[in-house]
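Listing of data.cif; format and content: mmCIF, N, CA and C atoms and all ligand atoms.
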data_start
loop_
_atom_site.label_atom_id
_atom_site.label_comp_id
_atom_site.auth_asym_id
_atom_site.auth_seq_id
_atom_site.Cartn_x
_atom_site.Cartn_y
_atom_site.Cartn_z
N MET A 1472 -44.60 -91.76 61.16
CA MET A 1472 -46.01 -91.97 61.52
C MET A 1472 -46.11 -92.79 62.81
N GLY A 1473 -46.96 -92.34 63.72
CA GLY A 1473 -47.00 -92.95 65.04
C GLY A 1473 -47.99 -94.07 65.22
N CYS A 1474 -48.68 -94.48 64.16
CA CYS A 1474 -49.74 -95.47 64.35
C CYS A 1474 -49.15 -96.85 64.63
N VAL A 1475 -49.52 -97.39 65.80
CA VAL A 1475 -48.93 -98.65 66.24
C VAL A 1475 -49.32 -99.80 65.31
N PHE A 1476 -50.56 -99.80 64.79
CA PHE A 1476 -50.95 -100.91 63.91
C PHE A 1476 -50.30 -100.77 62.53
N CYS A 1477 -50.10 -99.55 62.05
CA CYS A 1477 -49.34 -99.38 60.80
C CYS A 1477 -47.92 -99.90 60.97
N ARG A 1478 -47.37 -99.68 62.13
CA ARG A 1478 -45.99 -100.16 62.39
C ARG A 1478 -45.94 -101.68 62.46
N ILE A 1479 -46.97 -102.29 63.03
CA ILE A 1479 -47.06 -103.77 63.04
C ILE A 1479 -47.20 -104.29 61.61
N ILE A 1480 -48.08 -103.65 60.82
CA ILE A 1480 -48.30 -104.07 59.43
C ILE A 1480 -47.00 -103.96 58.63
N ALA A 1481 -46.23 -102.90 58.90
CA ALA A 1481 -44.96 -102.68 58.19
C ALA A 1481 -43.84 -103.59 58.70
N GLY A 1482 -44.11 -104.33 59.78
CA GLY A 1482 -43.09 -105.22 60.34
C GLY A 1482 -42.07 -104.49 61.22
N GLU A 1483 -42.39 -103.24 61.57
CA GLU A 1483 -41.47 -102.48 62.43
C GLU A 1483 -41.65 -102.82 63.90
N LEU A 1484 -42.82 -103.35 64.23
CA LEU A 1484 -43.08 -103.82 65.59
C LEU A 1484 -43.50 -105.28 65.51
N PRO A 1485 -43.11 -106.09 66.50
CA PRO A 1485 -43.47 -107.51 66.46
C PRO A 1485 -44.94 -107.73 66.81
N SER A 1486 -45.48 -108.83 66.32
CA SER A 1486 -46.83 -109.24 66.72
C SER A 1486 -46.93 -110.75 66.52
N ARG A 1487 -47.93 -111.34 67.17
CA ARG A 1487 -48.18 -112.77 66.97
C ARG A 1487 -49.26 -112.90 65.90
N LYS A 1488 -48.79 -112.92 64.66
CA LYS A 1488 -49.69 -112.90 63.51
C LYS A 1488 -50.37 -114.25 63.31
N VAL A 1489 -51.66 -114.24 63.02
CA VAL A 1489 -52.37 -115.50 62.75
C VAL A 1489 -52.90 -115.55 61.32
N TYR A 1490 -52.93 -114.41 60.64
CA TYR A 1490 -53.50 -114.37 59.29
C TYR A 1490 -52.98 -113.13 58.56
N GLU A 1491 -52.77 -113.29 57.26
CA GLU A 1491 -52.44 -112.13 56.44
C GLU A 1491 -52.88 -112.40 55.00
N ASP A 1492 -53.47 -111.39 54.38
CA ASP A 1492 -53.71 -111.44 52.94
C ASP A 1492 -53.41 -110.06 52.37
N GLU A 1493 -53.82 -109.81 51.13
CA GLU A 1493 -53.50 -108.54 50.47
C GLU A 1493 -53.96 -107.32 51.26
N GLY A 1494 -55.16 -107.47 51.85
CA GLY A 1494 -55.79 -106.30 52.45
C GLY A 1494 -55.80 -106.25 53.96
N PHE A 1495 -55.54 -107.41 54.59
CA PHE A 1495 -55.74 -107.49 56.04
C PHE A 1495 -54.63 -108.25 56.74
N VAL A 1496 -54.52 -107.98 58.03
CA VAL A 1496 -53.65 -108.77 58.88
C VAL A 1496 -54.43 -109.02 60.18
N ALA A 1497 -54.16 -110.15 60.82
CA ALA A 1497 -54.78 -110.44 62.12
C ALA A 1497 -53.69 -110.95 63.05
N PHE A 1498 -53.73 -110.44 64.28
CA PHE A 1498 -52.72 -110.84 65.26
C PHE A 1498 -53.34 -110.84 66.66
N HIS A 1499 -52.68 -111.57 67.57
CA HIS A 1499 -53.19 -111.66 68.94
C HIS A 1499 -53.09 -110.31 69.64
N ASP A 1500 -54.14 -109.98 70.39
CA ASP A 1500 -54.14 -108.77 71.21
C ASP A 1500 -53.09 -108.92 72.31
N ILE A 1501 -52.38 -107.84 72.56
CA ILE A 1501 -51.29 -107.86 73.55
C ILE A 1501 -51.84 -108.00 74.98
N ARG A 1502 -53.07 -107.55 75.19
CA ARG A 1502 -53.72 -107.68 76.51
C ARG A 1502 -55.05 -108.40 76.33
N PRO A 1503 -54.99 -109.74 76.15
CA PRO A 1503 -56.21 -110.49 75.80
C PRO A 1503 -57.29 -110.42 76.88
N LYS A 1504 -58.52 -110.24 76.43
CA LYS A 1504 -59.67 -110.21 77.34
C LYS A 1504 -60.51 -111.46 77.18
N ALA A 1505 -59.96 -112.46 76.50
CA ALA A 1505 -60.64 -113.75 76.30
C ALA A 1505 -59.53 -114.77 76.07
N PRO A 1506 -59.83 -116.08 76.23
CA PRO A 1506 -58.81 -117.10 75.97
C PRO A 1506 -58.18 -116.95 74.58
N VAL A 1507 -59.00 -116.61 73.60
CA VAL A 1507 -58.47 -116.26 72.28
C VAL A 1507 -58.98 -114.85 71.96
N HIS A 1508 -58.05 -113.95 71.69
CA HIS A 1508 -58.43 -112.55 71.43
C HIS A 1508 -57.52 -112.03 70.32
N VAL A 1509 -58.11 -111.92 69.15
CA VAL A 1509 -57.36 -111.54 67.95
C VAL A 1509 -57.93 -110.25 67.39
N LEU A 1510 -57.07 -109.43 66.83
CA LEU A 1510 -57.49 -108.18 66.19
C LEU A 1510 -57.36 -108.35 64.68
N VAL A 1511 -58.42 -108.02 63.97
CA VAL A 1511 -58.43 -108.09 62.51
C VAL A 1511 -58.31 -106.65 62.00
N VAL A 1512 -57.27 -106.40 61.23
CA VAL A 1512 -56.89 -105.01 60.93
C VAL A 1512 -56.70 -104.84 59.42
N PRO A 1513 -57.40 -103.87 58.81
CA PRO A 1513 -57.15 -103.58 57.40
C PRO A 1513 -55.78 -102.93 57.24
N LYS A 1514 -55.10 -103.24 56.15
CA LYS A 1514 -53.79 -102.64 55.94
C LYS A 1514 -53.90 -101.15 55.62
N GLU A 1515 -55.03 -100.76 55.06
CA GLU A 1515 -55.26 -99.34 54.79
C GLU A 1515 -55.52 -98.61 56.11
N HIS A 1516 -54.79 -97.53 56.35
CA HIS A 1516 -55.00 -96.76 57.58
C HIS A 1516 -56.28 -95.93 57.49
N VAL A 1517 -57.28 -96.36 58.24
CA VAL A 1517 -58.52 -95.61 58.43
C VAL A 1517 -58.68 -95.51 59.93
N GLU A 1518 -58.95 -94.32 60.44
CA GLU A 1518 -58.91 -94.14 61.90
C GLU A 1518 -59.98 -94.92 62.64
N LYS A 1519 -61.20 -94.82 62.13
CA LYS A 1519 -62.27 -95.50 62.87
C LYS A 1519 -63.38 -95.96 61.93
N LEU A 1520 -64.17 -96.91 62.42
CA LEU A 1520 -65.19 -97.55 61.57
C LEU A 1520 -66.11 -96.53 60.91
N SER A 1521 -66.44 -95.48 61.65
CA SER A 1521 -67.40 -94.49 61.15
C SER A 1521 -66.78 -93.59 60.07
N ASP A 1522 -65.49 -93.73 59.81
CA ASP A 1522 -64.86 -92.96 58.72
C ASP A 1522 -65.07 -93.61 57.36
N TYR A 1523 -65.52 -94.86 57.33
CA TYR A 1523 -65.82 -95.45 56.03
C TYR A 1523 -67.00 -94.70 55.43
N PRO A 1524 -66.87 -94.29 54.19
CA PRO A 1524 -67.94 -93.48 53.61
C PRO A 1524 -69.22 -94.28 53.38
N ASP A 1525 -70.34 -93.58 53.41
CA ASP A 1525 -71.65 -94.19 53.20
C ASP A 1525 -71.89 -94.32 51.69
N THR A 1526 -71.06 -95.16 51.09
CA THR A 1526 -71.06 -95.35 49.64
C THR A 1526 -70.87 -96.83 49.37
N GLU A 1527 -70.96 -97.20 48.10
CA GLU A 1527 -70.73 -98.60 47.75
C GLU A 1527 -69.31 -99.03 48.08
N GLU A 1528 -68.37 -98.11 47.93
CA GLU A 1528 -66.99 -98.46 48.26
C GLU A 1528 -66.83 -98.68 49.76
N GLY A 1529 -67.48 -97.83 50.55
CA GLY A 1529 -67.47 -98.01 52.00
C GLY A 1529 -68.10 -99.34 52.37
N GLU A 1530 -69.19 -99.67 51.71
CA GLU A 1530 -69.89 -100.93 51.97
C GLU A 1530 -68.99 -102.12 51.65
N ARG A 1531 -68.27 -102.00 50.57
CA ARG A 1531 -67.37 -103.08 50.17
C ARG A 1531 -66.26 -103.27 51.21
N LYS A 1532 -65.73 -102.16 51.71
CA LYS A 1532 -64.65 -102.25 52.70
C LYS A 1532 -65.14 -102.80 54.03
N LEU A 1533 -66.34 -102.36 54.43
CA LEU A 1533 -66.92 -102.90 55.67
C LEU A 1533 -67.20 -104.39 55.52
N GLY A 1534 -67.72 -104.77 54.35
CA GLY A 1534 -68.01 -106.19 54.11
C GLY A 1534 -66.74 -107.02 54.16
N ALA A 1535 -65.69 -106.50 53.53
CA ALA A 1535 -64.42 -107.23 53.49
C ALA A 1535 -63.84 -107.40 54.90
N LEU A 1536 -64.01 -106.37 55.72
CA LEU A 1536 -63.50 -106.42 57.10
C LEU A 1536 -64.19 -107.53 57.89
N PHE A 1537 -65.52 -107.59 57.80
CA PHE A 1537 -66.25 -108.60 58.57
C PHE A 1537 -66.12 -109.99 57.94
N ARG A 1538 -66.00 -110.04 56.65
CA ARG A 1538 -65.72 -111.32 55.99
C ARG A 1538 -64.39 -111.89 56.49
N THR A 1539 -63.42 -111.01 56.64
CA THR A 1539 -62.11 -111.45 57.12
C THR A 1539 -62.19 -111.88 58.59
N ALA A 1540 -62.98 -111.16 59.38
CA ALA A 1540 -63.15 -111.56 60.78
C ALA A 1540 -63.73 -112.98 60.86
N ASN A 1541 -64.72 -113.28 60.04
CA ASN A 1541 -65.29 -114.64 60.00
C ASN A 1541 -64.23 -115.65 59.58
N ARG A 1542 -63.45 -115.29 58.59
CA ARG A 1542 -62.43 -116.19 58.07
C ARG A 1542 -61.39 -116.51 59.15
N VAL A 1543 -60.98 -115.48 59.88
CA VAL A 1543 -59.97 -115.65 60.94
C VAL A 1543 -60.54 -116.53 62.06
N ALA A 1544 -61.80 -116.28 62.43
CA ALA A 1544 -62.42 -117.09 63.49
C ALA A 1544 -62.47 -118.56 63.08
N GLN A 1545 -62.78 -118.81 61.83
CA GLN A 1545 -62.84 -120.17 61.33
C GLN A 1545 -61.44 -120.81 61.35
N LEU A 1546 -60.47 -120.03 60.91
CA LEU A 1546 -59.07 -120.48 60.90
C LEU A 1546 -58.60 -120.86 62.30
N LEU A 1547 -59.07 -120.11 63.30
CA LEU A 1547 -58.68 -120.37 64.69
C LEU A 1547 -59.49 -121.49 65.31
N GLY A 1548 -60.47 -122.00 64.58
CA GLY A 1548 -61.28 -123.11 65.05
C GLY A 1548 -62.29 -122.72 66.11
N LEU A 1549 -62.65 -121.44 66.14
CA LEU A 1549 -63.60 -120.99 67.16
C LEU A 1549 -65.01 -121.47 66.80
N GLN A 1550 -65.66 -122.13 67.75
CA GLN A 1550 -67.02 -122.64 67.52
C GLN A 1550 -68.03 -121.51 67.62
N GLY A 1551 -67.75 -120.63 68.54
CA GLY A 1551 -68.56 -119.42 68.70
C GLY A 1551 -67.62 -118.31 69.09
N TYR A 1552 -68.02 -117.10 68.84
CA TYR A 1552 -67.12 -116.00 69.15
C TYR A 1552 -67.89 -114.70 69.26
N ARG A 1553 -67.19 -113.73 69.84
CA ARG A 1553 -67.77 -112.41 70.00
C ARG A 1553 -66.96 -111.46 69.12
N VAL A 1554 -67.65 -110.58 68.42
CA VAL A 1554 -67.01 -109.60 67.55
C VAL A 1554 -67.32 -108.22 68.12
N GLN A 1555 -66.27 -107.43 68.29
CA GLN A 1555 -66.49 -106.09 68.87
C GLN A 1555 -65.69 -105.04 68.11
N VAL A 1556 -66.33 -103.92 67.88
CA VAL A 1556 -65.62 -102.76 67.31
C VAL A 1556 -65.90 -101.56 68.21
N ASN A 1557 -64.86 -100.98 68.75
CA ASN A 1557 -65.00 -99.75 69.53
C ASN A 1557 -64.81 -98.58 68.57
N VAL A 1558 -65.75 -97.65 68.59
CA VAL A 1558 -65.72 -96.55 67.62
C VAL A 1558 -65.59 -95.22 68.35
N GLY A 1559 -64.47 -94.58 68.18
CA GLY A 1559 -64.25 -93.26 68.77
C GLY A 1559 -63.89 -93.35 70.25
N GLU A 1560 -63.32 -92.25 70.74
CA GLU A 1560 -62.89 -92.19 72.14
C GLU A 1560 -64.03 -92.55 73.08
N LYS A 1561 -65.22 -92.02 72.80
CA LYS A 1561 -66.36 -92.27 73.69
C LYS A 1561 -66.91 -93.67 73.53
N GLY A 1562 -66.48 -94.35 72.48
CA GLY A 1562 -66.84 -95.75 72.30
C GLY A 1562 -65.77 -96.69 72.82
N GLY A 1563 -64.79 -96.13 73.50
CA GLY A 1563 -63.75 -96.96 74.12
C GLY A 1563 -62.59 -97.29 73.20
N GLN A 1564 -62.50 -96.62 72.05
CA GLN A 1564 -61.40 -96.91 71.12
C GLN A 1564 -60.11 -96.29 71.64
N GLU A 1565 -59.07 -97.11 71.65
CA GLU A 1565 -57.75 -96.64 72.13
C GLU A 1565 -56.74 -96.52 71.00
N VAL A 1566 -56.85 -97.43 70.04
CA VAL A 1566 -55.93 -97.40 68.90
C VAL A 1566 -56.72 -96.91 67.69
N PHE A 1567 -56.30 -95.77 67.13
CA PHE A 1567 -57.07 -95.15 66.05
C PHE A 1567 -56.59 -95.62 64.67
N HIS A 1568 -56.76 -96.91 64.49
CA HIS A 1568 -56.61 -97.59 63.20
C HIS A 1568 -57.66 -98.70 63.28
N VAL A 1569 -58.62 -98.66 62.39
CA VAL A 1569 -59.76 -99.58 62.46
C VAL A 1569 -59.34 -101.02 62.75
N HIS A 1570 -60.06 -101.66 63.65
CA HIS A 1570 -59.81 -103.08 63.93
C HIS A 1570 -61.06 -103.71 64.51
N VAL A 1571 -61.19 -105.00 64.25
CA VAL A 1571 -62.29 -105.79 64.80
C VAL A 1571 -61.69 -106.75 65.82
N HIS A 1572 -62.24 -106.74 67.02
CA HIS A 1572 -61.84 -107.71 68.03
C HIS A 1572 -62.61 -109.01 67.77
N VAL A 1573 -61.91 -110.12 67.69
CA VAL A 1573 -62.54 -111.44 67.62
C VAL A 1573 -62.14 -112.19 68.88
N MET A 1574 -63.13 -112.47 69.73
CA MET A 1574 -62.85 -113.10 71.02
C MET A 1574 -63.63 -114.40 71.18
N GLY A 1575 -62.94 -115.40 71.69
CA GLY A 1575 -63.59 -116.68 71.88
C GLY A 1575 -62.71 -117.62 72.68
N GLY A 1576 -63.01 -118.91 72.56
CA GLY A 1576 -62.20 -119.92 73.22
C GLY A 1576 -62.66 -120.26 74.61
N TRP A 1577 -63.89 -119.84 74.97
CA TRP A 1577 -64.42 -120.20 76.28
C TRP A 1577 -64.97 -121.61 76.22
N GLY A 1578 -64.62 -122.40 77.21
CA GLY A 1578 -65.20 -123.74 77.41
C GLY A 1578 -64.97 -124.75 76.32
P1 LIG A 1601 -59.55 -100.55 71.11
O1 LIG A 1601 -59.90 -100.16 72.50
O2 LIG A 1601 -58.85 -99.45 70.35
O3 LIG A 1601 -60.70 -101.14 70.37
O4 LIG A 1601 -58.54 -101.76 71.26
C1 LIG A 1601 -57.18 -101.67 71.04
C2 LIG A 1601 -56.59 -103.01 71.40
O5 LIG A 1601 -55.28 -103.06 70.90
C3 LIG A 1601 -56.52 -103.27 72.90
O6 LIG A 1601 -57.24 -104.45 73.19
C4 LIG A 1601 -55.02 -103.41 73.18
O7 LIG A 1601 -54.74 -104.41 74.11
C5 LIG A 1601 -54.45 -103.74 71.81
N1 LIG A 1601 -53.10 -103.26 71.59
C6 LIG A 1601 -52.62 -102.01 71.84
N2 LIG A 1601 -51.33 -101.91 71.47
C7 LIG A 1601 -50.99 -103.12 70.96
C8 LIG A 1601 -49.78 -103.64 70.41
O8 LIG A 1601 -48.75 -102.98 70.31
N3 LIG A 1601 -49.80 -104.94 69.98
C9 LIG A 1601 -50.93 -105.71 70.07
N4 LIG A 1601 -50.84 -106.96 69.63
N5 LIG A 1601 -52.08 -105.25 70.59
C10 LIG A 1601 -52.11 -103.98 71.03
ZN ZN A 1602 -52.48 -97.05 61.07
#
Would you kindly transcribe this structure into C-alpha cells?
Amino acid sequence: MGCVFCRIIAGELPSRKVYEDEGFVAFHDIRPKAPVHVLVVPKEHVEKLSDYPDTEEGERKLGALFRTANRVAQLLGLQGYRVQVNVGEKGGQEVFHVHVHVMGGWG
C-alpha cells in the first residue's frame, strides 16, 4: 500500500510524533507553514473528509478527529491556532489520508 500516512502510522517511515492514542496519531508536518505545524491523522485509512458518511457513525468519527485536534493543540501549549482541512484535489489536498492541520506558535 502506497499511502504515506499509513506507512508513518505503521512505523515504516519516520516522523516527529507528538501524540498517539488508540485511534489517532499526530506528527510535525515535514514542510511546516507555521512555527508549529502538526498533522492530526486517524489511524483508519479514509481518503478524505467528505468520505465520512452522513450518519451517526460519521458524526462520531468527525467529532473524534476535531476533539483530538483540540487535545493536540492543548498538549503543544498553543494559545491560539488555526485548523485546516483540505478536501479533494480541488481543495488542495495532496495526501489522500484524512488529516487536520493544526498551525500556531506565532508571537
Ligand atoms: P494536504 O495538502 O494533503 O492537506 O497536506 C499534506 C501535508 O502533508 C503537507 O503539508 C505536507 O508537507 C505533509 N507531508 C507530506 N508528506 C509527508 C511526510 O512524509 N511526512 C510528514 N511529516 N509530512 C508530510
Ligand atoms: Zn492511509
Give the answer as one residue: which of A:Arg1487, A:Arg1478, A:Arg1502, A:Arg1531 has the shortest atom-to-atom distance to ligand ZN 1602 (chain A), using only C-alpha atoms and all ligand atoms?
A:Arg1478
For the structure I just gave you, how does DSSP split chain A - specifically, which residues are strand (DSSP E or B)? Reply as a ChimeraX atom specification.
/A:1488-1491,1495-1499,1507-1513,1552-1555,1571-1575
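For the pair atom C of Gly1473 of chain A and atom CA of Gly1529 of chain A, the interatomic distance is 23.9 Å.
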Residues at most 7 Å from Trp1577 of chain A, counting all atoms listed in the file, excluding those fewer than 4 positions away in the same chain, as number ranges by chain?
A: 1505-1507
May I have the protein, DNA and RNA residues with any atom at most 12 Å from the point (-48.8, -110.3, 52.6), counting only C-alpha atoms, written as a ChimeraX atom specification?
/A:1480-1482,1488-1497,1513-1514
Check which residues fall inside 7 Å of ligand LIG 1601 (chain A) when counting only N, CA and C atoms and all ligand atoms, and print them as a ChimeraX atom specification.
/A:1475-1476,1485-1487,1498-1504,1555-1558,1562-1568,1570,1572
Contacts of Gln1550 of chain A within 9 Å, only C-alpha atoms, excl. fewer than 2 positions in-chain, as a PyMOL selection string
chain A and resi 1544-1545+1548+1552+1575-1576
Can you tell me, as a ChimeraX atom specification, which residues in segment 1472-1577 of chain A count as helix (DSSP H, G or I) by DSSP?
/A:1475-1480,1520-1522,1527-1546,1560-1562
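Between ligand ZN 1602 (chain A) and the residues A:Ala1540, A:Val1509, A:Val1569, A:Leu1533, the shortest atom-to-atom distance, using only C-alpha atoms and all ligand atoms, involves A:Val1569.
Relative to atom CA of Glu1530 of chain A, atom CA of His1508 of chain A is found at 25.4 Å.
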Which residue is closest to His1516 of chain A? Choose from A:Leu1484, A:Cys1477, A:Leu1536, A:Val1554 and count all atoms listed in the file.
A:Cys1477
In terms of the shortest atom-to-atom distance over only N, CA and C atoms and all ligand atoms, which of A:Cys1474, A:Met1574, A:Val1543, A:Val1512 is closest to ligand ZN 1602 (chain A)?
A:Cys1474
